[in-house]
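These notes are about the structure you will find just below.
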There are 2 protein chains.
Amino acid sequence: MEIEVKFRVNFEEAKKKLEALGARLLRTEEQEDLYFSLPPNELLRIRRIRNLGKTYLTHKLIVDPGRNEEFDEIEVEVSGFEEMRKILRRLGLQEDVLIRKHRLVYRLGDVTFELNQVEGIGEFLDIEVISEDPKEAREKIWESARKLGLDENDVEPRLYTELMKEKNG
Amino acid sequence: MEIEVKFRVNFEEAKKKLEALGARLLRTEEQEDLYFSLPPNELLRIRRIRNLGKTYLTHKLIVDPGRNEEFDEIEVEVSGFEEMRKILRRLGLQEDVLIRKHRLVYRLGDVTFELNQVEGIGEFLDIEVISEDPKEAREKIWESARKLGLDENDVEPRLYTELMKEKNG
């Protein structure tokens with residue numbers, strides 16, 4: 001299970017704090033996420049990571065709708081963004097929203113930090129732990145969050161797709 | 001466009017004739033094709049090529065239903081068979097049939113020869129040309145077929161999925 005909490009942050013400040021905390025920069029990603037319309041509590045996206053030349057197809061079941069912190073995720077790497085897009089269209093899936101992010105991925109222990117500039121939406125830090133024990137995962141996430149000076153008021157419970165649709169609204 | 005004619009053959013005889021004709025063996029494939037239920041004239045399959053450690057997702061529109069020689073195909077390589085299978089199931093697709101083939105792939109000029117032992121169904125030679133000109137492609141296919149001693153009586157117009165379902169009856 002993927003457990004993840006999204007915080008609103010200032011990108012440069014959060015970057016400094018992560019580095020001061022000793023988190024290690026794993027990689028930079030220029031992401032282009034194309035989401036398809038699905039029933040509520042399901043997400044399907046094709047992600048192109050432009051700078052790495054990689055594309056992924058990902059399906060997520062949202063285990064805790066509304067809160068949006070627990071995801072049952074399946075992902076495959078695919079060889080072509082446009083080909084995958086055409087196959088999904090042929091299967092009758094409708095394109096929903098396109099989200100572009102500049103992302104820095106940091107790691108400290110078993111906690112992953114995804115620091116994002118999301119085009120047209122703002123700056124966010126996703127703190128993530130992969131675990132079969134959501135309670136323990138949340139404790140680890142919140143321990144890191146507190147060290148970065150983040151609290152409940154900084155949490156953004158809406159999905160990026162929801163934020164984008166409210167903006168386009 | 002993929003233009004392809006399927007012939008019933010004796011595997012060993014056809015192999016000898018292809019080699020005598022000067023066709024070059026490109027590779028051997030141990031294929032496992034999982035097809036999903038779709039409306040008529042569409043095919044969706046995940047192909048695992050066991051000996052090469054590769055997996056492909058392929059969608060085909062059958063341009064000439066019944067005859068089944070002309071396909072508008074989109075294909076991507078994917079990193080995992082089981083993950084792709086789970087994503088398609090989550091999207092509501094139903095598994096239809098599983099087809100296993102031992103295949104030799106030969107090439108001569110721009111004609112591809114796929115010599116197949118299909119588990120439970122028989123031995124076949126698919127002669128294929130990729131072209132935007134189906135007429136010209138068919139001429140090339142039939143020129144090769146005649147050189148291999150094949151004629152209209154050897155043609156098998158049914159899809160492998162149809163043959164498998166008739167067998168399972």
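Chains: A, B, ... in order of the structure tokens. Residues: from 1 per chain. Ligands: from 1, in order shown.
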
Chain B least-squares fitted onto chain A over all paired C-alpha atoms, as a short mmCIF file (atom, residue, chain, number, x, y, z; two decimals) with N, CA and C atoms, in the first residue's frame:
data_model
loop_
_atom_site.label_atom_id
_atom_site.label_comp_id
_atom_site.auth_asym_id
_atom_site.auth_seq_id
_atom_site.Cartn_x
_atom_site.Cartn_y
_atom_site.Cartn_z
N MET B 1 0.86 -1.19 -0.01
CA MET B 1 0.01 0.00 -0.03
C MET B 1 0.90 1.26 -0.02
N GLU B 2 0.42 2.25 -0.76
CA GLU B 2 1.13 3.53 -0.82
C GLU B 2 0.41 4.49 0.13
N ILE B 3 1.12 4.96 1.16
CA ILE B 3 0.54 5.93 2.10
C ILE B 3 1.26 7.25 1.86
N GLU B 4 0.48 8.30 1.69
CA GLU B 4 1.06 9.57 1.23
C GLU B 4 0.24 10.74 1.80
N VAL B 5 0.95 11.74 2.32
CA VAL B 5 0.25 12.96 2.76
C VAL B 5 0.81 14.13 1.96
N LYS B 6 -0.12 14.95 1.45
CA LYS B 6 0.28 16.09 0.62
C LYS B 6 0.19 17.39 1.44
N PHE B 7 1.27 18.17 1.41
CA PHE B 7 1.33 19.44 2.14
C PHE B 7 1.54 20.58 1.15
N ARG B 8 0.91 21.71 1.46
CA ARG B 8 1.21 22.94 0.71
C ARG B 8 2.49 23.54 1.29
N VAL B 9 3.46 23.83 0.43
CA VAL B 9 4.74 24.36 0.91
C VAL B 9 5.23 25.48 -0.02
N ASN B 10 6.29 26.15 0.43
CA ASN B 10 7.07 27.00 -0.46
C ASN B 10 8.21 26.12 -0.94
N PHE B 11 8.34 25.99 -2.26
CA PHE B 11 9.29 25.04 -2.86
C PHE B 11 10.72 25.25 -2.36
N GLU B 12 11.21 26.46 -2.43
CA GLU B 12 12.61 26.71 -2.08
C GLU B 12 12.89 26.49 -0.60
N GLU B 13 11.93 26.93 0.23
CA GLU B 13 12.07 26.72 1.68
C GLU B 13 12.10 25.24 2.02
N ALA B 14 11.14 24.50 1.44
CA ALA B 14 11.04 23.07 1.73
C ALA B 14 12.30 22.35 1.26
N LYS B 15 12.84 22.78 0.12
CA LYS B 15 14.07 22.18 -0.41
C LYS B 15 15.22 22.35 0.59
N LYS B 16 15.34 23.57 1.11
CA LYS B 16 16.42 23.83 2.08
C LYS B 16 16.25 22.97 3.33
N LYS B 17 14.99 22.88 3.81
CA LYS B 17 14.74 22.11 5.03
C LYS B 17 15.02 20.63 4.82
N LEU B 18 14.62 20.11 3.64
CA LEU B 18 14.87 18.69 3.35
C LEU B 18 16.36 18.40 3.34
N GLU B 19 17.12 19.32 2.73
CA GLU B 19 18.56 19.10 2.64
C GLU B 19 19.23 19.24 4.01
N ALA B 20 18.71 20.18 4.81
CA ALA B 20 19.25 20.34 6.17
C ALA B 20 18.96 19.11 7.02
N LEU B 21 17.82 18.44 6.71
CA LEU B 21 17.41 17.24 7.45
C LEU B 21 18.27 16.04 7.07
N GLY B 22 19.01 16.16 5.95
CA GLY B 22 19.86 15.06 5.51
C GLY B 22 19.23 14.17 4.44
N ALA B 23 18.06 14.61 3.91
CA ALA B 23 17.44 13.81 2.84
C ALA B 23 18.33 13.86 1.60
N ARG B 24 18.36 12.74 0.86
CA ARG B 24 19.24 12.60 -0.30
C ARG B 24 18.42 12.80 -1.58
N LEU B 25 18.90 13.67 -2.46
CA LEU B 25 18.20 13.90 -3.74
C LEU B 25 18.42 12.70 -4.65
N LEU B 26 17.34 11.99 -5.00
CA LEU B 26 17.46 10.81 -5.86
C LEU B 26 17.44 11.20 -7.33
N ARG B 27 16.52 12.11 -7.68
CA ARG B 27 16.41 12.49 -9.10
C ARG B 27 15.47 13.69 -9.26
N THR B 28 15.57 14.32 -10.41
CA THR B 28 14.67 15.39 -10.81
C THR B 28 13.79 14.84 -11.92
N GLU B 29 12.50 15.17 -11.88
CA GLU B 29 11.60 14.66 -12.91
C GLU B 29 10.76 15.79 -13.49
N GLU B 30 10.66 15.82 -14.82
CA GLU B 30 9.73 16.73 -15.50
C GLU B 30 8.57 15.86 -15.95
N GLN B 31 7.48 15.89 -15.18
CA GLN B 31 6.37 14.97 -15.41
C GLN B 31 5.23 15.59 -16.19
N GLU B 32 4.60 14.73 -17.01
CA GLU B 32 3.39 15.11 -17.71
C GLU B 32 2.42 13.97 -17.45
N ASP B 33 1.37 14.24 -16.67
CA ASP B 33 0.43 13.20 -16.27
C ASP B 33 -0.89 13.39 -16.98
N LEU B 34 -1.28 12.39 -17.76
CA LEU B 34 -2.57 12.44 -18.44
C LEU B 34 -3.52 11.49 -17.71
N TYR B 35 -4.58 12.07 -17.13
CA TYR B 35 -5.56 11.27 -16.38
C TYR B 35 -6.78 10.98 -17.25
N PHE B 36 -7.36 9.81 -17.04
CA PHE B 36 -8.57 9.41 -17.76
C PHE B 36 -9.76 9.39 -16.80
N SER B 37 -10.95 9.60 -17.35
CA SER B 37 -12.16 9.59 -16.52
C SER B 37 -12.47 8.16 -16.09
N LEU B 38 -12.64 8.00 -14.79
CA LEU B 38 -13.00 6.69 -14.23
C LEU B 38 -14.02 6.92 -13.13
N PRO B 39 -14.67 5.86 -12.64
CA PRO B 39 -15.56 6.04 -11.50
C PRO B 39 -14.80 6.66 -10.33
N PRO B 40 -15.54 7.32 -9.38
CA PRO B 40 -14.88 7.94 -8.23
C PRO B 40 -14.02 6.91 -7.49
N ASN B 41 -12.95 7.39 -6.91
CA ASN B 41 -12.07 6.55 -6.09
C ASN B 41 -11.19 5.63 -6.92
N GLU B 42 -11.12 5.89 -8.22
CA GLU B 42 -10.15 5.20 -9.06
C GLU B 42 -9.42 6.26 -9.87
N LEU B 43 -8.14 6.03 -10.08
CA LEU B 43 -7.35 6.93 -10.93
C LEU B 43 -6.61 6.11 -11.97
N LEU B 44 -6.59 6.59 -13.20
CA LEU B 44 -5.79 5.95 -14.25
C LEU B 44 -5.02 7.05 -14.95
N ARG B 45 -3.70 6.87 -15.02
CA ARG B 45 -2.92 7.94 -15.66
C ARG B 45 -1.77 7.35 -16.46
N ILE B 46 -1.40 8.08 -17.51
CA ILE B 46 -0.14 7.82 -18.21
C ILE B 46 0.80 8.95 -17.82
N ARG B 47 1.95 8.59 -17.27
CA ARG B 47 2.94 9.60 -16.88
C ARG B 47 4.15 9.52 -17.80
N ARG B 48 4.45 10.66 -18.39
CA ARG B 48 5.68 10.76 -19.19
C ARG B 48 6.67 11.56 -18.36
N ILE B 49 7.87 11.01 -18.14
CA ILE B 49 8.92 11.76 -17.44
C ILE B 49 9.90 12.19 -18.52
N ARG B 50 9.72 13.42 -18.96
CA ARG B 50 10.39 13.90 -20.17
C ARG B 50 11.91 13.81 -20.07
N ASN B 51 12.46 14.27 -18.95
CA ASN B 51 13.92 14.32 -18.85
C ASN B 51 14.55 12.93 -18.72
N LEU B 52 13.76 11.94 -18.30
CA LEU B 52 14.33 10.60 -18.17
C LEU B 52 13.94 9.70 -19.34
N GLY B 53 13.06 10.21 -20.22
CA GLY B 53 12.64 9.41 -21.38
C GLY B 53 11.86 8.16 -20.99
N LYS B 54 11.09 8.27 -19.91
CA LYS B 54 10.35 7.10 -19.43
C LYS B 54 8.85 7.39 -19.38
N THR B 55 8.05 6.32 -19.55
CA THR B 55 6.59 6.45 -19.49
C THR B 55 6.02 5.32 -18.64
N TYR B 56 5.04 5.66 -17.81
CA TYR B 56 4.42 4.68 -16.93
C TYR B 56 2.90 4.74 -17.05
N LEU B 57 2.27 3.56 -16.95
CA LEU B 57 0.82 3.49 -16.84
C LEU B 57 0.51 3.08 -15.41
N THR B 58 -0.36 3.83 -14.74
CA THR B 58 -0.61 3.60 -13.33
C THR B 58 -2.11 3.61 -13.03
N HIS B 59 -2.56 2.61 -12.29
CA HIS B 59 -3.94 2.61 -11.79
C HIS B 59 -3.89 2.65 -10.27
N LYS B 60 -4.72 3.52 -9.68
CA LYS B 60 -4.78 3.61 -8.22
C LYS B 60 -6.21 3.44 -7.75
N LEU B 61 -6.38 2.60 -6.73
CA LEU B 61 -7.65 2.57 -6.00
C LEU B 61 -7.44 3.43 -4.77
N ILE B 62 -8.35 4.37 -4.54
CA ILE B 62 -8.24 5.23 -3.36
C ILE B 62 -8.93 4.52 -2.21
N VAL B 63 -8.14 4.12 -1.21
CA VAL B 63 -8.66 3.30 -0.12
C VAL B 63 -9.45 4.16 0.87
N ASP B 64 -9.06 5.44 1.00
CA ASP B 64 -9.72 6.33 1.96
C ASP B 64 -10.23 7.60 1.25
N PRO B 65 -11.28 7.44 0.43
CA PRO B 65 -11.76 8.59 -0.36
C PRO B 65 -12.02 9.82 0.51
N GLY B 66 -11.72 11.01 -0.04
CA GLY B 66 -11.94 12.25 0.69
C GLY B 66 -10.67 12.65 1.41
N ARG B 67 -10.12 11.71 2.15
CA ARG B 67 -8.86 11.96 2.83
C ARG B 67 -7.71 11.82 1.82
N ASN B 68 -7.81 10.79 0.97
CA ASN B 68 -6.85 10.59 -0.14
C ASN B 68 -5.40 10.45 0.31
N GLU B 69 -5.21 9.56 1.27
CA GLU B 69 -3.84 9.31 1.75
C GLU B 69 -3.40 7.87 1.52
N GLU B 70 -4.37 6.98 1.17
CA GLU B 70 -4.03 5.56 1.06
C GLU B 70 -4.41 5.06 -0.32
N PHE B 71 -3.42 4.51 -1.03
CA PHE B 71 -3.65 4.09 -2.41
C PHE B 71 -3.17 2.66 -2.63
N ASP B 72 -4.00 1.89 -3.32
CA ASP B 72 -3.58 0.56 -3.76
C ASP B 72 -3.22 0.71 -5.23
N GLU B 73 -1.92 0.70 -5.50
CA GLU B 73 -1.41 1.13 -6.81
C GLU B 73 -0.82 -0.01 -7.62
N ILE B 74 -1.11 -0.02 -8.91
CA ILE B 74 -0.44 -0.95 -9.84
C ILE B 74 0.18 -0.10 -10.95
N GLU B 75 1.44 -0.39 -11.24
CA GLU B 75 2.15 0.42 -12.24
C GLU B 75 3.00 -0.45 -13.16
N VAL B 76 2.99 -0.11 -14.45
CA VAL B 76 3.91 -0.73 -15.41
C VAL B 76 4.61 0.38 -16.19
N GLU B 77 5.85 0.12 -16.53
CA GLU B 77 6.52 1.01 -17.47
C GLU B 77 6.08 0.62 -18.88
N VAL B 78 5.83 1.59 -19.74
CA VAL B 78 5.43 1.30 -21.11
C VAL B 78 6.37 2.01 -22.08
N SER B 79 6.46 1.49 -23.30
CA SER B 79 7.48 1.99 -24.23
C SER B 79 7.05 3.26 -24.95
N GLY B 80 5.76 3.60 -24.94
CA GLY B 80 5.35 4.80 -25.68
C GLY B 80 4.13 5.47 -25.10
N PHE B 81 4.23 6.79 -24.88
CA PHE B 81 3.11 7.57 -24.32
C PHE B 81 1.94 7.61 -25.32
N GLU B 82 2.22 8.01 -26.55
CA GLU B 82 1.14 8.18 -27.53
C GLU B 82 0.45 6.86 -27.88
N GLU B 83 1.24 5.79 -27.97
CA GLU B 83 0.65 4.48 -28.27
C GLU B 83 -0.27 4.04 -27.13
N MET B 84 0.19 4.24 -25.90
CA MET B 84 -0.64 3.85 -24.75
C MET B 84 -1.92 4.67 -24.72
N ARG B 85 -1.79 5.96 -25.00
CA ARG B 85 -2.94 6.86 -25.05
C ARG B 85 -3.96 6.40 -26.10
N LYS B 86 -3.46 5.99 -27.27
CA LYS B 86 -4.36 5.52 -28.33
C LYS B 86 -5.06 4.22 -27.95
N ILE B 87 -4.34 3.32 -27.31
CA ILE B 87 -4.96 2.06 -26.90
C ILE B 87 -6.09 2.34 -25.90
N LEU B 88 -5.82 3.21 -24.91
CA LEU B 88 -6.87 3.51 -23.91
C LEU B 88 -8.07 4.18 -24.56
N ARG B 89 -7.83 5.07 -25.51
CA ARG B 89 -8.95 5.70 -26.23
C ARG B 89 -9.76 4.65 -26.97
N ARG B 90 -9.07 3.70 -27.62
CA ARG B 90 -9.78 2.65 -28.35
C ARG B 90 -10.63 1.79 -27.41
N LEU B 91 -10.18 1.69 -26.15
CA LEU B 91 -10.96 0.92 -25.18
C LEU B 91 -12.11 1.73 -24.61
N GLY B 92 -12.29 2.95 -25.12
CA GLY B 92 -13.45 3.75 -24.72
C GLY B 92 -13.18 4.69 -23.57
N LEU B 93 -11.94 4.78 -23.11
CA LEU B 93 -11.65 5.68 -21.99
C LEU B 93 -11.54 7.12 -22.48
N GLN B 94 -12.04 8.03 -21.65
CA GLN B 94 -12.04 9.46 -21.99
C GLN B 94 -10.92 10.17 -21.24
N GLU B 95 -10.23 11.05 -21.95
CA GLU B 95 -9.18 11.84 -21.28
C GLU B 95 -9.83 12.89 -20.39
N ASP B 96 -9.23 13.10 -19.22
CA ASP B 96 -9.82 13.99 -18.22
C ASP B 96 -8.95 15.25 -18.08
N VAL B 97 -7.84 15.17 -17.36
CA VAL B 97 -6.97 16.35 -17.21
C VAL B 97 -5.51 15.99 -17.44
N LEU B 98 -4.74 17.03 -17.81
CA LEU B 98 -3.30 16.88 -18.00
C LEU B 98 -2.62 17.74 -16.93
N ILE B 99 -1.68 17.14 -16.20
CA ILE B 99 -1.02 17.87 -15.12
C ILE B 99 0.49 17.81 -15.33
N ARG B 100 1.12 18.99 -15.29
CA ARG B 100 2.57 19.06 -15.48
C ARG B 100 3.24 19.43 -14.17
N LYS B 101 4.28 18.68 -13.84
CA LYS B 101 5.01 18.94 -12.58
C LYS B 101 6.51 18.95 -12.81
N HIS B 102 7.15 19.84 -12.06
CA HIS B 102 8.60 19.78 -11.90
C HIS B 102 8.80 19.17 -10.52
N ARG B 103 9.46 18.03 -10.44
CA ARG B 103 9.54 17.29 -9.16
C ARG B 103 10.98 16.98 -8.78
N LEU B 104 11.28 17.20 -7.50
CA LEU B 104 12.52 16.69 -6.93
C LEU B 104 12.14 15.53 -6.01
N VAL B 105 12.84 14.43 -6.15
CA VAL B 105 12.54 13.27 -5.30
C VAL B 105 13.69 13.09 -4.32
N TYR B 106 13.35 13.16 -3.02
CA TYR B 106 14.33 12.97 -1.95
C TYR B 106 14.00 11.70 -1.18
N ARG B 107 15.02 11.16 -0.51
CA ARG B 107 14.81 9.97 0.30
C ARG B 107 15.55 10.13 1.61
N LEU B 108 14.91 9.68 2.69
CA LEU B 108 15.58 9.60 4.00
C LEU B 108 15.04 8.37 4.68
N GLY B 109 15.89 7.36 4.89
CA GLY B 109 15.41 6.09 5.44
C GLY B 109 14.40 5.49 4.48
N ASP B 110 13.22 5.09 4.98
CA ASP B 110 12.21 4.53 4.07
C ASP B 110 11.10 5.54 3.76
N VAL B 111 11.42 6.82 3.96
CA VAL B 111 10.45 7.87 3.63
C VAL B 111 10.89 8.58 2.34
N THR B 112 9.93 8.72 1.42
CA THR B 112 10.19 9.41 0.15
C THR B 112 9.52 10.78 0.17
N PHE B 113 10.25 11.78 -0.27
CA PHE B 113 9.73 13.15 -0.31
C PHE B 113 9.66 13.59 -1.77
N GLU B 114 8.46 13.93 -2.22
CA GLU B 114 8.31 14.40 -3.59
C GLU B 114 7.94 15.88 -3.54
N LEU B 115 8.91 16.70 -3.91
CA LEU B 115 8.72 18.15 -3.84
C LEU B 115 8.32 18.64 -5.23
N ASN B 116 7.11 19.22 -5.34
CA ASN B 116 6.52 19.49 -6.64
C ASN B 116 6.20 20.95 -6.90
N GLN B 117 6.55 21.41 -8.09
CA GLN B 117 5.95 22.64 -8.63
C GLN B 117 4.94 22.17 -9.67
N VAL B 118 3.66 22.39 -9.38
CA VAL B 118 2.63 21.89 -10.29
C VAL B 118 2.08 23.05 -11.10
N GLU B 119 2.21 22.95 -12.41
CA GLU B 119 1.85 24.05 -13.31
C GLU B 119 0.41 24.49 -13.09
N GLY B 120 0.26 25.77 -12.71
CA GLY B 120 -1.09 26.33 -12.56
C GLY B 120 -1.75 26.03 -11.24
N ILE B 121 -1.11 25.22 -10.39
CA ILE B 121 -1.77 24.81 -9.13
C ILE B 121 -1.00 25.26 -7.89
N GLY B 122 0.33 25.12 -7.91
CA GLY B 122 1.09 25.55 -6.74
C GLY B 122 2.23 24.61 -6.41
N GLU B 123 2.73 24.76 -5.17
CA GLU B 123 3.89 23.98 -4.73
C GLU B 123 3.50 23.08 -3.57
N PHE B 124 3.92 21.84 -3.67
CA PHE B 124 3.47 20.82 -2.71
C PHE B 124 4.62 19.89 -2.36
N LEU B 125 4.53 19.34 -1.15
CA LEU B 125 5.43 18.26 -0.76
C LEU B 125 4.59 17.04 -0.43
N ASP B 126 4.79 15.95 -1.19
CA ASP B 126 4.14 14.69 -0.89
C ASP B 126 5.12 13.85 -0.08
N ILE B 127 4.71 13.47 1.13
CA ILE B 127 5.57 12.59 1.92
C ILE B 127 4.96 11.20 1.87
N GLU B 128 5.77 10.23 1.46
CA GLU B 128 5.25 8.90 1.12
C GLU B 128 6.02 7.77 1.77
N VAL B 129 5.25 6.76 2.21
CA VAL B 129 5.86 5.52 2.70
C VAL B 129 5.10 4.35 2.08
N ILE B 130 5.83 3.36 1.56
CA ILE B 130 5.21 2.14 1.05
C ILE B 130 5.21 1.14 2.20
N SER B 131 4.02 0.67 2.59
CA SER B 131 3.95 -0.21 3.76
C SER B 131 2.63 -0.96 3.79
N GLU B 132 2.63 -2.13 4.42
CA GLU B 132 1.38 -2.86 4.62
C GLU B 132 0.73 -2.43 5.94
N ASP B 133 1.39 -1.52 6.66
CA ASP B 133 0.89 -1.06 7.96
C ASP B 133 0.64 0.46 7.88
N PRO B 134 -0.59 0.85 7.48
CA PRO B 134 -0.88 2.28 7.27
C PRO B 134 -0.66 3.12 8.52
N LYS B 135 -0.93 2.55 9.70
CA LYS B 135 -0.78 3.31 10.93
C LYS B 135 0.69 3.68 11.15
N GLU B 136 1.53 2.67 11.05
CA GLU B 136 2.96 2.89 11.22
C GLU B 136 3.49 3.85 10.15
N ALA B 137 2.98 3.68 8.92
CA ALA B 137 3.42 4.55 7.82
C ALA B 137 3.07 6.00 8.14
N ARG B 138 1.83 6.22 8.64
CA ARG B 138 1.41 7.59 8.98
C ARG B 138 2.28 8.19 10.08
N GLU B 139 2.66 7.38 11.05
CA GLU B 139 3.53 7.87 12.13
C GLU B 139 4.86 8.35 11.56
N LYS B 140 5.43 7.53 10.64
CA LYS B 140 6.71 7.92 10.03
C LYS B 140 6.56 9.22 9.23
N ILE B 141 5.45 9.31 8.49
CA ILE B 141 5.21 10.50 7.67
C ILE B 141 5.13 11.74 8.56
N TRP B 142 4.36 11.62 9.67
CA TRP B 142 4.17 12.79 10.53
C TRP B 142 5.41 13.16 11.33
N GLU B 143 6.22 12.16 11.63
CA GLU B 143 7.48 12.44 12.31
C GLU B 143 8.36 13.32 11.39
N SER B 144 8.41 12.93 10.10
CA SER B 144 9.18 13.73 9.14
C SER B 144 8.56 15.11 8.94
N ALA B 145 7.24 15.14 8.83
CA ALA B 145 6.54 16.41 8.58
C ALA B 145 6.85 17.41 9.70
N ARG B 146 6.76 16.95 10.94
CA ARG B 146 7.03 17.85 12.08
C ARG B 146 8.45 18.40 12.02
N LYS B 147 9.41 17.53 11.66
CA LYS B 147 10.81 17.98 11.55
C LYS B 147 10.96 19.07 10.48
N LEU B 148 10.04 19.05 9.50
CA LEU B 148 10.10 20.05 8.42
C LEU B 148 9.24 21.27 8.75
N GLY B 149 8.66 21.27 9.96
CA GLY B 149 7.85 22.41 10.37
C GLY B 149 6.44 22.41 9.78
N LEU B 150 5.97 21.25 9.38
CA LEU B 150 4.63 21.16 8.78
C LEU B 150 3.63 20.61 9.79
N ASP B 151 2.39 21.12 9.74
CA ASP B 151 1.35 20.56 10.62
C ASP B 151 0.04 20.36 9.86
N GLU B 152 -1.02 19.96 10.61
CA GLU B 152 -2.32 19.64 9.99
C GLU B 152 -2.85 20.77 9.09
N ASN B 153 -2.52 22.04 9.47
CA ASN B 153 -3.02 23.16 8.67
C ASN B 153 -2.40 23.24 7.28
N ASP B 154 -1.27 22.56 7.10
CA ASP B 154 -0.59 22.59 5.80
C ASP B 154 -1.05 21.48 4.86
N VAL B 155 -1.88 20.56 5.42
CA VAL B 155 -2.30 19.41 4.60
C VAL B 155 -3.27 19.85 3.50
N GLU B 156 -3.06 19.30 2.29
CA GLU B 156 -3.98 19.52 1.17
C GLU B 156 -4.61 18.16 0.84
N PRO B 157 -5.87 17.96 1.25
CA PRO B 157 -6.47 16.63 1.06
C PRO B 157 -6.94 16.36 -0.36
N ARG B 158 -7.05 17.42 -1.18
CA ARG B 158 -7.55 17.20 -2.54
C ARG B 158 -6.48 16.60 -3.45
N LEU B 159 -6.94 15.77 -4.37
CA LEU B 159 -6.05 15.19 -5.38
C LEU B 159 -5.62 16.27 -6.37
N TYR B 160 -4.49 16.07 -7.03
CA TYR B 160 -4.06 17.02 -8.07
C TYR B 160 -5.13 17.16 -9.16
N THR B 161 -5.78 16.03 -9.48
CA THR B 161 -6.83 16.09 -10.51
C THR B 161 -7.98 16.99 -10.04
N GLU B 162 -8.33 16.91 -8.76
CA GLU B 162 -9.41 17.75 -8.22
C GLU B 162 -9.01 19.22 -8.24
N LEU B 163 -7.77 19.49 -7.81
CA LEU B 163 -7.28 20.87 -7.79
C LEU B 163 -7.29 21.46 -9.20
N MET B 164 -6.87 20.66 -10.17
CA MET B 164 -6.82 21.12 -11.55
C MET B 164 -8.23 21.40 -12.08
N LYS B 165 -9.18 20.52 -11.75
CA LYS B 165 -10.54 20.70 -12.25
C LYS B 165 -11.21 21.90 -11.58
N GLU B 166 -10.91 22.12 -10.28
CA GLU B 166 -11.47 23.30 -9.61
C GLU B 166 -10.94 24.58 -10.23
N LYS B 167 -9.64 24.56 -10.57
CA LYS B 167 -9.01 25.72 -11.20
C LYS B 167 -9.63 26.00 -12.58
N ASN B 168 -9.80 24.91 -13.34
CA ASN B 168 -10.38 25.07 -14.68
C ASN B 168 -11.86 25.41 -14.62
N GLY B 169 -12.43 25.09 -13.45
CA GLY B 169 -13.78 25.36 -13.03
C GLY B 169 -14.85 25.34 -14.03
#

Exercise for the section: Please run DSSP on the backbone and report, as a ChimeraX atom specification, all residues within chain B that come out as alpha helix (DSSP H). Expected result: /B:11-21,81-90,134-147,160-168

Problem - DSSP-assigned strand (DSSP E or B) among region 82-167 of chain B, expressed as number ranges by chain - result: B: 95-108, 111-118, 122-130, 155

Suppose we keep C-alpha atoms; can you now write the selection as a PDB file, in the first residue's frame?
ATOM      1  CA  GLU B  95     -10.196 -12.354 -19.903  1.00  0.00           C
ATOM      2  CA  ASP B  96     -11.200 -14.430 -22.909  1.00  0.00           C
ATOM      3  CA  VAL B  97      -8.633 -17.027 -24.086  1.00  0.00           C
ATOM      4  CA  LEU B  98      -4.978 -17.875 -23.528  1.00  0.00           C
ATOM      5  CA  ILE B  99      -2.976 -19.047 -26.540  1.00  0.00           C
ATOM      6  CA  ARG B 100       0.512 -20.542 -26.397  1.00  0.00           C
ATOM      7  CA  LYS B 101       2.767 -20.622 -29.444  1.00  0.00           C
ATOM      8  CA  HIS B 102       6.224 -21.770 -30.347  1.00  0.00           C
ATOM      9  CA  ARG B 103       7.207 -19.366 -33.141  1.00  0.00           C
ATOM     10  CA  LEU B 104      10.087 -19.013 -35.556  1.00  0.00           C
ATOM     11  CA  VAL B 105      10.301 -15.608 -37.186  1.00  0.00           C
ATOM     12  CA  TYR B 106      11.895 -15.448 -40.642  1.00  0.00           C
ATOM     13  CA  ARG B 107      12.492 -12.494 -42.922  1.00  0.00           C
ATOM     14  CA  LEU B 108      13.065 -12.188 -46.665  1.00  0.00           C
ATOM     15  CA  VAL B 111       8.136 -10.019 -45.989  1.00  0.00           C
ATOM     16  CA  THR B 112       7.961 -11.540 -42.497  1.00  0.00           C
ATOM     17  CA  PHE B 113       7.204 -15.230 -41.995  1.00  0.00           C
ATOM     18  CA  GLU B 114       5.889 -16.361 -38.628  1.00  0.00           C
ATOM     19  CA  LEU B 115       5.982 -20.136 -38.399  1.00  0.00           C
ATOM     20  CA  ASN B 116       3.853 -21.285 -35.462  1.00  0.00           C
ATOM     21  CA  GLN B 117       3.144 -24.379 -33.435  1.00  0.00           C
ATOM     22  CA  VAL B 118       0.008 -23.352 -31.583  1.00  0.00           C
ATOM     23  CA  GLY B 122      -2.061 -26.854 -35.015  1.00  0.00           C
ATOM     24  CA  GLU B 123       0.737 -25.530 -37.199  1.00  0.00           C
ATOM     25  CA  PHE B 124       0.469 -22.340 -39.198  1.00  0.00           C
ATOM     26  CA  LEU B 125       2.521 -19.947 -41.268  1.00  0.00           C
ATOM     27  CA  ASP B 126       1.546 -16.277 -41.074  1.00  0.00           C
ATOM     28  CA  ILE B 127       2.982 -14.302 -43.972  1.00  0.00           C
ATOM     29  CA  GLU B 128       3.024 -10.605 -43.160  1.00  0.00           C
ATOM     30  CA  VAL B 129       3.828  -7.281 -44.784  1.00  0.00           C
ATOM     31  CA  ILE B 130       3.579  -3.869 -43.104  1.00  0.00           C
ATOM     32  CA  VAL B 155      -5.605 -20.408 -46.145  1.00  0.00           C
TER      33      VAL B 155
END
